[in-house]
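J.: Sharing a structure below in structure tokens format, with a few things to ask.
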Amino acid sequence: MRIRRSRRSHITLVALLLAPIIAVHAQDTTDVDRLEAQVEAITRELEELRLGRDLVVEADTSVYGFGPAASKVYKVAQGVSLGGYGEVLYENFADSREDDTPSGATDRLDALRAIVYVGYKFSDKVLFNSELEFEHGSTEEGGSVSIEFAYLEYRLTPTFGLRGGLLLPPMGFINEVHEPPAFLGARRPETERQIIPSTWRESGIGFFGGAGPLSYRAYLVNGFDATGFSASGIRGGRQNGSEATAENFGAVGRLDYAGVPGLTVGTSAYLGNSGQGAVLPSDPAVTIGARTFIWEGHAQYKLAGFDLSGLLAVSTVDDAAEINELSGLTADASVGERLIGWYLQGGYDLLRNTRSEHQLVPYLRYEQLDTQDRVPDGFAASPANDRRLLTLGGMWKPLPNVSLKADYQIVSNEADTGVNQLNVNLGYLF
Amino acid sequence: MLLGVAPRTLPAQLSLNEALRAAFPPPARIERQTAFLTERDLVAARAQAGPDAPITQSVVTYYVARTGQRTVGVGYFDSHRVRTLNEVVLVVIVPPDRIRNIEVLRFAEPPEYRASENWLEQFEGKALNADLSLKGSIANMSGATLTSNAIVRAARRVLALHRTIRPFGPVAHAQP
């Protein structure tokens, strides 16, 4: 018992001596646990701030047991999206034409475009997107303010959606993607201005989507107005969504394949009447159909410093003679029954093997087009509309979104009236 | 369905946990870890990422997937601005330091600028070197330059952080 008592007293003594140490240790453990919990909470907060509450909070629901419905509200990412691009273009024309007669051309320095993109995402399925365009500096000096596109989009699935509003017909490279840093050349290819009348916008509805390497778009839009067609092409027939005559509509569709990295191959076509209810002046009983067909095929390879592309476009216009009568066009001022154009271009980034973000891309483009490749019987084609352009130049991009391009264009035509020109383009997109 | 194109299975808008679980299905265990980078770590990571892929965060959360004792991969989430709105991607890295895949989890810009699965496949197997750039072996997405740039930068940033944190290394330092 004594021993026991003695042992008990020893244990009591030791316990009394260790008690403060145990208490301090317990206190330390609690502090470390608390600190760890605090650090954990802070890092979770940080993660939530960085990645977005909708992504992280729902993740935590499975951890902390919140019901899925409680976090649904966070799954809707909304907001305004702003962007834009612009370009200033200097054109210096040669004093003489191909045939050595004075060109009479005046050099120009033009604040060509300043564009603002505004979009709003109502939900993950519904969004609005638009491009507001200011051209040529000032409306007081002949410039313009336009809506380039403005559409609502309803994405039913990731591979299929509906689109309606003022749309860009999906033809060629330039009509949909025309930010200057995105393409070679201080000026857009003429084929994509005259045969495909970029920038071409019309009101309509359609669908779009893609699966794997394939993407597609197809729209129904209001048709051209043939009274704007001329010997230089169908460009003047665009209605631009401005109180457009909608007696005739056109269908346009596009299919692209991008299954090989860097390579895009595709085609698109448009078909629709352009008469818009106009009747033949000499016989009012005859309504002019002016069926207009545009087809193009394109290929692009952008990889490992190379930027290569080519495009072929053909347009046909029915009832060209009737359109000529309607518009009072005679002789070689006739609207072309068939228009054709193509180009090949290539560039290579000389700084590709450097770590610099800069790009220095010399480029070359060869282009042929004829807006009167065929004219109706009784009319003539102007040899001046059968053109060839050779463009040699370079693009410097200090950043992917900023470009300075300079090139020289050797312009020739069958009438020997081509005028060479030097172009400098300062462009940006954001 | 249209023009001979069949629709693929429709992915939902994945949450963080769903994305991780899809990347590392069972029996893999996923552990959340956080690295606190020193100034020296940041300098090293920035040097590897390059000047066009800025690294500003010194607190990096990552997710290590293990099967048994074996580390099978690490997932990093990167949030970055595309045009004016943000995109969030999950970059999955497998030993030693190569990208297995990139998954876009959030994309607030118009969908036509979103990276396609086909385009993202270019990153599979890529390591951090000069070739991992739009000047190198990554093709630009036609008409979506800003998205292309943003994802290439994210890939470089994540790989540089991964090399600094070294979760596959003998000592996964800088953990709390």
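Residue numbering restarts at 1 in every chain; chains get A, B, ... in the order shown in the structure tokens, and ligands count up from 1 in that same order.
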Find the nearest atom pair between each residue of chain B and chain A for residues within 7 Å, count only C-alpha atoms, give distances in Å to one decimal, sort rows by chain and ascending number, and present the table as JSON lines.
T.:
```
{"residue": "B:Val5", "atom": "CA", "partner": "A:Ala211", "partner_atom": "CA", "distance": 6.5}
{"residue": "B:Ala6", "atom": "CA", "partner": "A:Ala211", "partner_atom": "CA", "distance": 7.0}
{"residue": "B:Pro7", "atom": "CA", "partner": "A:Ala211", "partner_atom": "CA", "distance": 6.2}
{"residue": "B:Arg8", "atom": "CA", "partner": "A:Ala211", "partner_atom": "CA", "distance": 6.6}
{"residue": "B:Leu10", "atom": "CA", "partner": "A:Pro158", "partner_atom": "CA", "distance": 6.5}
{"residue": "B:Ser15", "atom": "CA", "partner": "A:Leu55", "partner_atom": "CA", "distance": 4.7}
{"residue": "B:Leu16", "atom": "CA", "partner": "A:Ala59", "partner_atom": "CA", "distance": 5.3}
{"residue": "B:Asn17", "atom": "CA", "partner": "A:Ala59", "partner_atom": "CA", "distance": 4.8}
{"residue": "B:Ser79", "atom": "CA", "partner": "A:Leu51", "partner_atom": "CA", "distance": 5.6}
{"residue": "B:Arg83", "atom": "CA", "partner": "A:Phe430", "partner_atom": "CA", "distance": 6.4}
{"residue": "B:Thr84", "atom": "CA", "partner": "A:Ser81", "partner_atom": "CA", "distance": 5.6}
{"residue": "B:Leu85", "atom": "CA", "partner": "A:Ser81", "partner_atom": "CA", "distance": 6.2}
{"residue": "B:Val88", "atom": "CA", "partner": "A:Leu51", "partner_atom": "CA", "distance": 6.4}
{"residue": "B:Ala108", "atom": "CA", "partner": "A:Ala77", "partner_atom": "CA", "distance": 6.8}
{"residue": "B:Glu109", "atom": "CA", "partner": "A:Ser81", "partner_atom": "CA", "distance": 6.7}
{"residue": "B:Glu117", "atom": "CA", "partner": "A:Gly212", "partner_atom": "CA", "distance": 6.9}
{"residue": "B:Asn118", "atom": "CA", "partner": "A:Pro213", "partner_atom": "CA", "distance": 6.0}
{"residue": "B:Trp119", "atom": "CA", "partner": "A:Pro261", "partner_atom": "CA", "distance": 7.0}
{"residue": "B:Ala130", "atom": "CA", "partner": "A:Arg355", "partner_atom": "CA", "distance": 6.9}
{"residue": "B:Lys135", "atom": "CA", "partner": "A:Arg352", "partner_atom": "CA", "distance": 5.3}
{"residue": "B:Gly136", "atom": "CA", "partner": "A:Ala304", "partner_atom": "CA", "distance": 5.0}
{"residue": "B:Ser137", "atom": "CA", "partner": "A:Ala304", "partner_atom": "CA", "distance": 5.8}
{"residue": "B:Ile138", "atom": "CA", "partner": "A:Leu303", "partner_atom": "CA", "distance": 6.9}
{"residue": "B:Ala139", "atom": "CA", "partner": "A:Gly262", "partner_atom": "CA", "distance": 4.6}
{"residue": "B:Asn140", "atom": "CA", "partner": "A:Gly262", "partner_atom": "CA", "distance": 6.6}
{"residue": "B:Gly143", "atom": "CA", "partner": "A:Val177", "partner_atom": "CA", "distance": 5.7}
```
J.: Take the residues from that selection and write them out as a PDB file, in the first residue's frame, keeping N, CA and C atoms.
T.:
```pdb
ATOM      1  N   VAL B   5     -22.813  15.728 -90.612  1.00  0.00           N
ATOM      2  CA  VAL B   5     -22.035  15.823 -89.385  1.00  0.00           C
ATOM      3  C   VAL B   5     -22.857  15.288 -88.224  1.00  0.00           C
ATOM      4  N   ALA B   6     -22.327  14.305 -87.549  1.00  0.00           N
ATOM      5  CA  ALA B   6     -23.037  13.751 -86.399  1.00  0.00           C
ATOM      6  C   ALA B   6     -22.664  14.505 -85.144  1.00  0.00           C
ATOM      7  N   PRO B   7     -23.628  14.796 -84.271  1.00  0.00           N
ATOM      8  CA  PRO B   7     -23.286  15.501 -83.045  1.00  0.00           C
ATOM      9  C   PRO B   7     -22.535  14.596 -82.083  1.00  0.00           C
ATOM     10  N   ARG B   8     -21.585  15.183 -81.393  1.00  0.00           N
ATOM     11  CA  ARG B   8     -20.863  14.398 -80.406  1.00  0.00           C
ATOM     12  C   ARG B   8     -21.602  14.494 -79.068  1.00  0.00           C
ATOM     13  N   LEU B  10     -22.590  15.745 -75.638  1.00  0.00           N
ATOM     14  CA  LEU B  10     -22.532  17.129 -75.219  1.00  0.00           C
ATOM     15  C   LEU B  10     -21.958  17.257 -73.819  1.00  0.00           C
ATOM     16  N   SER B  15     -17.820  21.495 -63.330  1.00  0.00           N
ATOM     17  CA  SER B  15     -17.279  22.169 -62.161  1.00  0.00           C
ATOM     18  C   SER B  15     -15.843  21.698 -61.973  1.00  0.00           C
ATOM     19  N   LEU B  16     -15.173  22.319 -61.013  1.00  0.00           N
ATOM     20  CA  LEU B  16     -13.788  21.963 -60.733  1.00  0.00           C
ATOM     21  C   LEU B  16     -13.655  20.476 -60.380  1.00  0.00           C
ATOM     22  N   ASN B  17     -14.495  20.013 -59.465  1.00  0.00           N
ATOM     23  CA  ASN B  17     -14.402  18.611 -59.050  1.00  0.00           C
ATOM     24  C   ASN B  17     -14.768  17.652 -60.162  1.00  0.00           C
ATOM     25  N   SER B  79      -6.674  30.570 -65.006  1.00  0.00           N
ATOM     26  CA  SER B  79      -7.694  31.532 -65.426  1.00  0.00           C
ATOM     27  C   SER B  79      -6.987  32.703 -66.096  1.00  0.00           C
ATOM     28  N   ARG B  83     -10.321  38.168 -74.427  1.00  0.00           N
ATOM     29  CA  ARG B  83     -10.482  39.486 -75.041  1.00  0.00           C
ATOM     30  C   ARG B  83     -10.780  40.436 -73.894  1.00  0.00           C
ATOM     31  N   THR B  84     -11.998  40.440 -73.430  1.00  0.00           N
ATOM     32  CA  THR B  84     -12.302  41.202 -72.218  1.00  0.00           C
ATOM     33  C   THR B  84     -12.814  40.278 -71.122  1.00  0.00           C
ATOM     34  N   LEU B  85     -13.130  39.053 -71.501  1.00  0.00           N
ATOM     35  CA  LEU B  85     -13.667  38.123 -70.518  1.00  0.00           C
ATOM     36  C   LEU B  85     -12.709  36.947 -70.305  1.00  0.00           C
ATOM     37  N   VAL B  88     -11.233  29.746 -68.268  1.00  0.00           N
ATOM     38  CA  VAL B  88     -10.581  28.876 -67.287  1.00  0.00           C
ATOM     39  C   VAL B  88     -10.294  27.540 -67.959  1.00  0.00           C
ATOM     40  N   ALA B 108     -16.131  32.736 -71.736  1.00  0.00           N
ATOM     41  CA  ALA B 108     -17.217  33.710 -71.715  1.00  0.00           C
ATOM     42  C   ALA B 108     -17.319  34.515 -73.008  1.00  0.00           C
ATOM     43  N   GLU B 109     -16.289  34.469 -73.850  1.00  0.00           N
ATOM     44  CA  GLU B 109     -16.349  35.198 -75.115  1.00  0.00           C
ATOM     45  C   GLU B 109     -17.307  34.477 -76.076  1.00  0.00           C
ATOM     46  N   GLU B 117     -11.824  21.026 -79.588  1.00  0.00           N
ATOM     47  CA  GLU B 117     -11.079  19.869 -79.066  1.00  0.00           C
ATOM     48  C   GLU B 117      -9.958  19.495 -80.012  1.00  0.00           C
ATOM     49  N   ASN B 118     -10.268  19.605 -81.285  1.00  0.00           N
ATOM     50  CA  ASN B 118      -9.275  19.268 -82.297  1.00  0.00           C
ATOM     51  C   ASN B 118      -8.026  20.148 -82.179  1.00  0.00           C
ATOM     52  N   TRP B 119      -8.241  21.423 -81.964  1.00  0.00           N
ATOM     53  CA  TRP B 119      -7.109  22.347 -81.840  1.00  0.00           C
ATOM     54  C   TRP B 119      -6.342  22.074 -80.541  1.00  0.00           C
ATOM     55  N   ALA B 130      10.930  25.953 -76.558  1.00  0.00           N
ATOM     56  CA  ALA B 130      10.638  27.031 -77.511  1.00  0.00           C
ATOM     57  C   ALA B 130       9.585  26.611 -78.530  1.00  0.00           C
ATOM     58  N   LYS B 135       4.730  30.324 -82.750  1.00  0.00           N
ATOM     59  CA  LYS B 135       5.814  30.366 -83.735  1.00  0.00           C
ATOM     60  C   LYS B 135       6.378  28.970 -83.962  1.00  0.00           C
ATOM     61  N   GLY B 136       6.098  28.089 -83.017  1.00  0.00           N
ATOM     62  CA  GLY B 136       6.664  26.749 -83.073  1.00  0.00           C
ATOM     63  C   GLY B 136       5.693  25.738 -83.628  1.00  0.00           C
ATOM     64  N   SER B 137       5.354  24.753 -82.795  1.00  0.00           N
ATOM     65  CA  SER B 137       4.570  23.636 -83.304  1.00  0.00           C
ATOM     66  C   SER B 137       3.068  23.785 -83.087  1.00  0.00           C
ATOM     67  N   ILE B 138       2.651  24.896 -82.496  1.00  0.00           N
ATOM     68  CA  ILE B 138       1.213  25.092 -82.272  1.00  0.00           C
ATOM     69  C   ILE B 138       0.652  25.977 -83.386  1.00  0.00           C
ATOM     70  N   ALA B 139      -0.317  25.453 -84.077  1.00  0.00           N
ATOM     71  CA  ALA B 139      -0.941  26.212 -85.163  1.00  0.00           C
ATOM     72  C   ALA B 139      -1.940  27.198 -84.597  1.00  0.00           C
ATOM     73  N   ASN B 140      -1.967  28.380 -85.179  1.00  0.00           N
ATOM     74  CA  ASN B 140      -2.937  29.379 -84.752  1.00  0.00           C
ATOM     75  C   ASN B 140      -4.342  28.910 -85.127  1.00  0.00           C
ATOM     76  N   GLY B 143      -8.963  32.799 -87.179  1.00  0.00           N
ATOM     77  CA  GLY B 143     -10.020  33.692 -86.728  1.00  0.00           C
ATOM     78  C   GLY B 143     -10.149  33.814 -85.231  1.00  0.00           C
TER      79      GLY B 143
END
```
J.: So that I can see what lies close to region 27-36 of chain B, please list as a list of chain:residue names the residues with an atom at most 6 Å from it, counting only C-alpha atoms and leaving out residues fewer than 4 positions away in the same chain.
T.: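 My reading of the contact set: B:Ser58, B:Val59, B:Val60, B:Thr61, B:Tyr62, B:Tyr63, B:Val64, B:Ala65, B:Arg66, B:Thr67, B:Ala174, B:Gln175.
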J.: Keeping only N, CA and C atoms, write the selected residues as a compact mmCIF listing (two decimals), in the first residue's frame.
T.:
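Output file result-v2.txt follows:
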```txt
# COMPACT_ATOMS: atom_id res chain seq x y z
N SER B 58 1.84 33.89 -56.36
CA SER B 58 2.82 33.16 -55.56
C SER B 58 2.16 32.03 -54.77
N VAL B 59 0.85 32.00 -54.80
CA VAL B 59 0.12 30.89 -54.16
C VAL B 59 -0.52 30.07 -55.28
N VAL B 60 -0.08 28.84 -55.42
CA VAL B 60 -0.54 28.00 -56.53
C VAL B 60 -1.19 26.75 -55.98
N THR B 61 -2.46 26.59 -56.29
CA THR B 61 -3.16 25.37 -55.89
C THR B 61 -3.14 24.38 -57.04
N TYR B 62 -2.85 23.14 -56.73
CA TYR B 62 -2.81 22.11 -57.77
C TYR B 62 -3.36 20.81 -57.19
N TYR B 63 -3.67 19.89 -58.08
CA TYR B 63 -4.35 18.66 -57.66
C TYR B 63 -3.54 17.45 -58.13
N VAL B 64 -3.06 16.71 -57.16
CA VAL B 64 -2.22 15.55 -57.46
C VAL B 64 -3.09 14.30 -57.44
N ALA B 65 -2.98 13.52 -58.50
CA ALA B 65 -3.75 12.27 -58.58
C ALA B 65 -2.81 11.09 -58.36
N ARG B 66 -3.21 10.21 -57.45
CA ARG B 66 -2.39 9.03 -57.14
C ARG B 66 -3.23 7.77 -57.25
N THR B 67 -2.55 6.73 -57.74
CA THR B 67 -3.13 5.39 -57.71
C THR B 67 -2.20 4.57 -56.86
N ALA B 174 7.84 23.41 -50.99
CA ALA B 174 6.98 24.60 -50.97
C ALA B 174 5.52 24.28 -50.74
N GLN B 175 5.29 23.16 -50.03
CA GLN B 175 3.91 22.86 -49.70
C GLN B 175 3.62 23.33 -48.28
```
J.: From the set B:Arg98, B:His80, B:Arg21, B:Arg114, which residue has the shortest atom-to-atom contact distance to Leu159 (chain B), counting only C-alpha atoms?
T.: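 Closest residue, counting only C-alpha atoms: B:Arg98.
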J.: As a PyMOL selection string, please: the residues near Arg201 (chain A) (cut-off 12 Å, only C-alpha atoms, same-chain neighbours under 2 positions excluded).
T.: chain A and resi 130-131+146-151+165-171+175-176+196-199+203-204+219-224+235+237-242+244+252
J.: Write out, as a tab-separated table (two decimals), in the first residue's frame, the residues just selected, with N, CA and C atoms.
T.:
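Final file, result.tsv:
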```
chain	number	residue	atom	x	y	z
A	130	SER	N	-21.89	42.04	-81.64
A	130	SER	CA	-22.03	43.10	-82.64
A	130	SER	C	-20.69	43.73	-82.95
A	131	GLU	N	-20.64	44.37	-84.10
A	131	GLU	CA	-19.46	45.11	-84.51
A	131	GLU	C	-19.93	46.47	-85.02
A	146	SER	N	-21.41	52.41	-89.28
A	146	SER	CA	-22.28	51.30	-89.66
A	146	SER	C	-22.28	50.22	-88.60
A	147	ILE	N	-23.32	49.44	-88.64
A	147	ILE	CA	-23.30	48.20	-87.87
A	147	ILE	C	-22.84	47.12	-88.82
A	148	GLU	N	-21.70	46.56	-88.53
A	148	GLU	CA	-21.16	45.55	-89.45
A	148	GLU	C	-21.87	44.21	-89.24
A	149	PHE	N	-22.07	43.88	-88.00
A	149	PHE	CA	-22.96	42.76	-87.71
A	149	PHE	C	-23.56	42.97	-86.33
A	150	ALA	N	-24.70	42.41	-86.13
A	150	ALA	CA	-25.38	42.47	-84.83
A	150	ALA	C	-26.37	41.32	-84.81
A	151	TYR	N	-26.05	40.32	-84.06
A	151	TYR	CA	-26.92	39.15	-84.08
A	151	TYR	C	-27.14	38.58	-82.68
A	165	GLY	N	-30.18	38.02	-87.11
A	165	GLY	CA	-29.87	39.44	-86.99
A	165	GLY	C	-29.15	39.91	-88.24
A	166	LEU	N	-28.27	40.86	-88.07
A	166	LEU	CA	-27.45	41.33	-89.18
A	166	LEU	C	-26.19	40.46	-89.20
A	167	LEU	N	-26.05	39.67	-90.26
A	167	LEU	CA	-25.04	38.61	-90.28
A	167	LEU	C	-23.99	38.86	-91.36
A	168	LEU	N	-22.84	38.27	-91.16
A	168	LEU	CA	-21.80	38.26	-92.19
A	168	LEU	C	-21.91	36.94	-92.95
A	169	PRO	N	-22.30	36.98	-94.23
A	169	PRO	CA	-22.32	35.72	-94.98
A	169	PRO	C	-20.94	35.06	-94.91
A	170	PRO	N	-20.90	33.79	-94.55
A	170	PRO	CA	-19.61	33.14	-94.26
A	170	PRO	C	-18.88	32.69	-95.51
A	171	MET	N	-18.37	33.65	-96.28
A	171	MET	CA	-17.68	33.29	-97.52
A	171	MET	C	-16.25	33.81	-97.51
A	175	ASN	N	-14.30	38.03	-95.20
A	175	ASN	CA	-15.61	38.57	-94.83
A	175	ASN	C	-15.92	38.39	-93.35
A	176	GLU	N	-15.45	37.29	-92.78
A	176	GLU	CA	-15.70	37.08	-91.35
A	176	GLU	C	-14.52	37.48	-90.48
A	196	ILE	N	-16.13	38.15	-104.06
A	196	ILE	CA	-16.85	38.04	-102.77
A	196	ILE	C	-16.86	39.47	-102.23
A	197	PRO	N	-18.00	40.10	-102.14
A	197	PRO	CA	-18.00	41.54	-101.85
A	197	PRO	C	-17.80	41.88	-100.36
A	198	SER	N	-16.66	41.51	-99.83
A	198	SER	CA	-16.37	41.80	-98.41
A	198	SER	C	-16.20	43.31	-98.21
A	199	THR	N	-16.56	43.86	-97.14
A	199	THR	CA	-17.29	43.20	-96.08
A	199	THR	C	-18.77	43.22	-96.42
A	203	SER	N	-29.18	41.03	-93.37
A	203	SER	CA	-29.99	40.51	-92.28
A	203	SER	C	-30.53	39.13	-92.62
A	204	GLY	N	-30.67	38.31	-91.60
A	204	GLY	CA	-31.20	36.99	-91.85
A	204	GLY	C	-31.14	36.11	-90.63
A	219	TYR	N	-26.96	30.30	-93.61
A	219	TYR	CA	-27.90	31.39	-93.30
A	219	TYR	C	-28.85	31.61	-94.48
A	220	LEU	N	-30.00	32.16	-94.13
A	220	LEU	CA	-30.93	32.69	-95.13
A	220	LEU	C	-30.92	34.20	-94.92
A	221	VAL	N	-30.52	34.94	-95.95
A	221	VAL	CA	-30.38	36.40	-95.81
A	221	VAL	C	-31.13	37.11	-96.93
A	222	ASN	N	-31.37	38.40	-96.74
A	222	ASN	CA	-32.00	39.11	-97.84
A	222	ASN	C	-31.01	39.20	-99.01
A	223	GLY	N	-31.57	39.17	-100.22
A	223	GLY	CA	-30.71	39.09	-101.40
A	223	GLY	C	-30.08	40.43	-101.76
A	224	PHE	N	-29.19	40.37	-102.75
A	224	PHE	CA	-28.60	41.59	-103.31
A	224	PHE	C	-29.69	42.42	-104.01
A	235	ARG	N	-20.53	44.25	-105.87
A	235	ARG	CA	-20.34	44.91	-104.58
A	235	ARG	C	-21.41	45.96	-104.29
A	237	GLY	N	-24.35	45.93	-105.01
A	237	GLY	CA	-25.67	45.35	-104.77
A	237	GLY	C	-25.91	44.98	-103.32
A	238	ARG	N	-24.90	45.17	-102.49
A	238	ARG	CA	-25.09	44.85	-101.06
A	238	ARG	C	-26.11	45.82	-100.46
A	239	GLN	N	-26.93	45.30	-99.60
A	239	GLN	CA	-27.93	46.18	-98.97
A	239	GLN	C	-27.56	46.54	-97.53
A	240	ASN	N	-26.62	45.86	-96.98
A	240	ASN	CA	-26.04	46.22	-95.67
A	240	ASN	C	-27.05	46.30	-94.54
A	241	GLY	N	-28.16	45.67	-94.69
A	241	GLY	CA	-29.15	45.66	-93.61
A	241	GLY	C	-29.86	46.98	-93.42
A	242	SER	N	-29.67	47.91	-94.35
A	242	SER	CA	-30.25	49.24	-94.17
A	242	SER	C	-31.55	49.36	-94.97
A	244	ALA	N	-33.40	47.26	-96.15
A	244	ALA	CA	-33.17	46.44	-97.33
A	244	ALA	C	-34.47	46.01	-97.99
A	252	VAL	N	-26.90	30.98	-98.04
A	252	VAL	CA	-25.44	30.89	-98.08
A	252	VAL	C	-24.99	29.86	-97.05
```
J.: Any idea what's packed within 7 Å of region 148-153 of chain B, counting only C-alpha atoms, ignoring anything in its chain fewer than 3 positions away? Could you give it as a list of chain:residue names?
T.: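 Result of the neighbour search: B:Asp52, B:Ala53, B:His80, B:Val82, B:Ser133, B:Asn140, B:Met141, B:Ala144, B:Thr145, B:Arg156, B:Arg157.
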J.: Just want the 8 Å neighbourhood of region 370-379 of chain A, counted on only C-alpha atoms, with same-chain residues fewer than 3 positions away dropped. Output as a ChimeraX atom specification.
T.: /A:194-195,231-233,320-321,330-332,334-341,382,385-387
J.: What is the CA of Leu156 (chain A) to CA of Gly253 (chain A) distance in Å?
T.: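 Interatomic distance here is 19.2 Å.
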J.: Have a look at CA of Ala155 (chain B) and CA of Asp131 (chain B) and let me know their distance in Å, one decimal.
T.: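 The value is 12.0 Å.
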J.: If you measure from CA of Met395 (chain A) to CA of Ser412 (chain A), what distance in Å do you get, rounded to one decimal?
T.: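 Value for the CA of Met395 (chain A)-CA of Ser412 (chain A) distance: 23.7 Å.
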J.: Quick check for you: according to DSSP on this backbone, which residues of region 35-133 of chain B are classed as alpha helix (DSSP H)? Reply as a list of chain:residue names.
T.: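 So, restricting region 35-133 of chain B to alpha helix (DSSP H), we get B:Glu39, B:Arg40, B:Asp41, B:Leu42, B:Val43, B:Ala44, B:Ala45, B:Arg46, B:Ala47, B:Gln48, B:Ala49, B:Glu117, B:Asn118, B:Trp119, B:Leu120.
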J.: Can you pull out the residues contacting region 123-125 of chain B? Cut-off 6 Å, using only C-alpha atoms, and skip same-chain residues under 4 positions away; I want them as an NGL selection string.
T.: :B and (98-101)
J.: Please identify which residues in region 73-166 of chain B DSSP calls strand (DSSP E) from the backbone, and express them as a list in words.
T.: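 Answer for region 73-166 of chain B, restricted to strand (DSSP E): Gly73, Val74, Gly75, Tyr76, Phe77, Asp78, Ser79, His80, Arg81, Asn86, Glu87, Val88, Val89, Leu90, Val91, Val92, Ile93, Val94, Arg98, Ile99, Arg100, Asn101, Ile102, Glu103, Val104, Leu105, Arg106 and Phe107 of chain B.
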J.: Using only C-alpha atoms, which residue out of B:Ala127, B:Pro111, B:Pro167, B:Val43 lies closest to Tyr154 (chain A)?
T.: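 Looking only at the distances to Tyr154 (chain A), the closest residue turns out to be B:Pro111.
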J.: Skipping near chain neighbours, those fewer than 3 positions away, what residues fall within 7 Å of Leu422 (chain A) using only C-alpha atoms, listed as a PyMOL selection string?
T.: chain A and resi 91-93+407-409
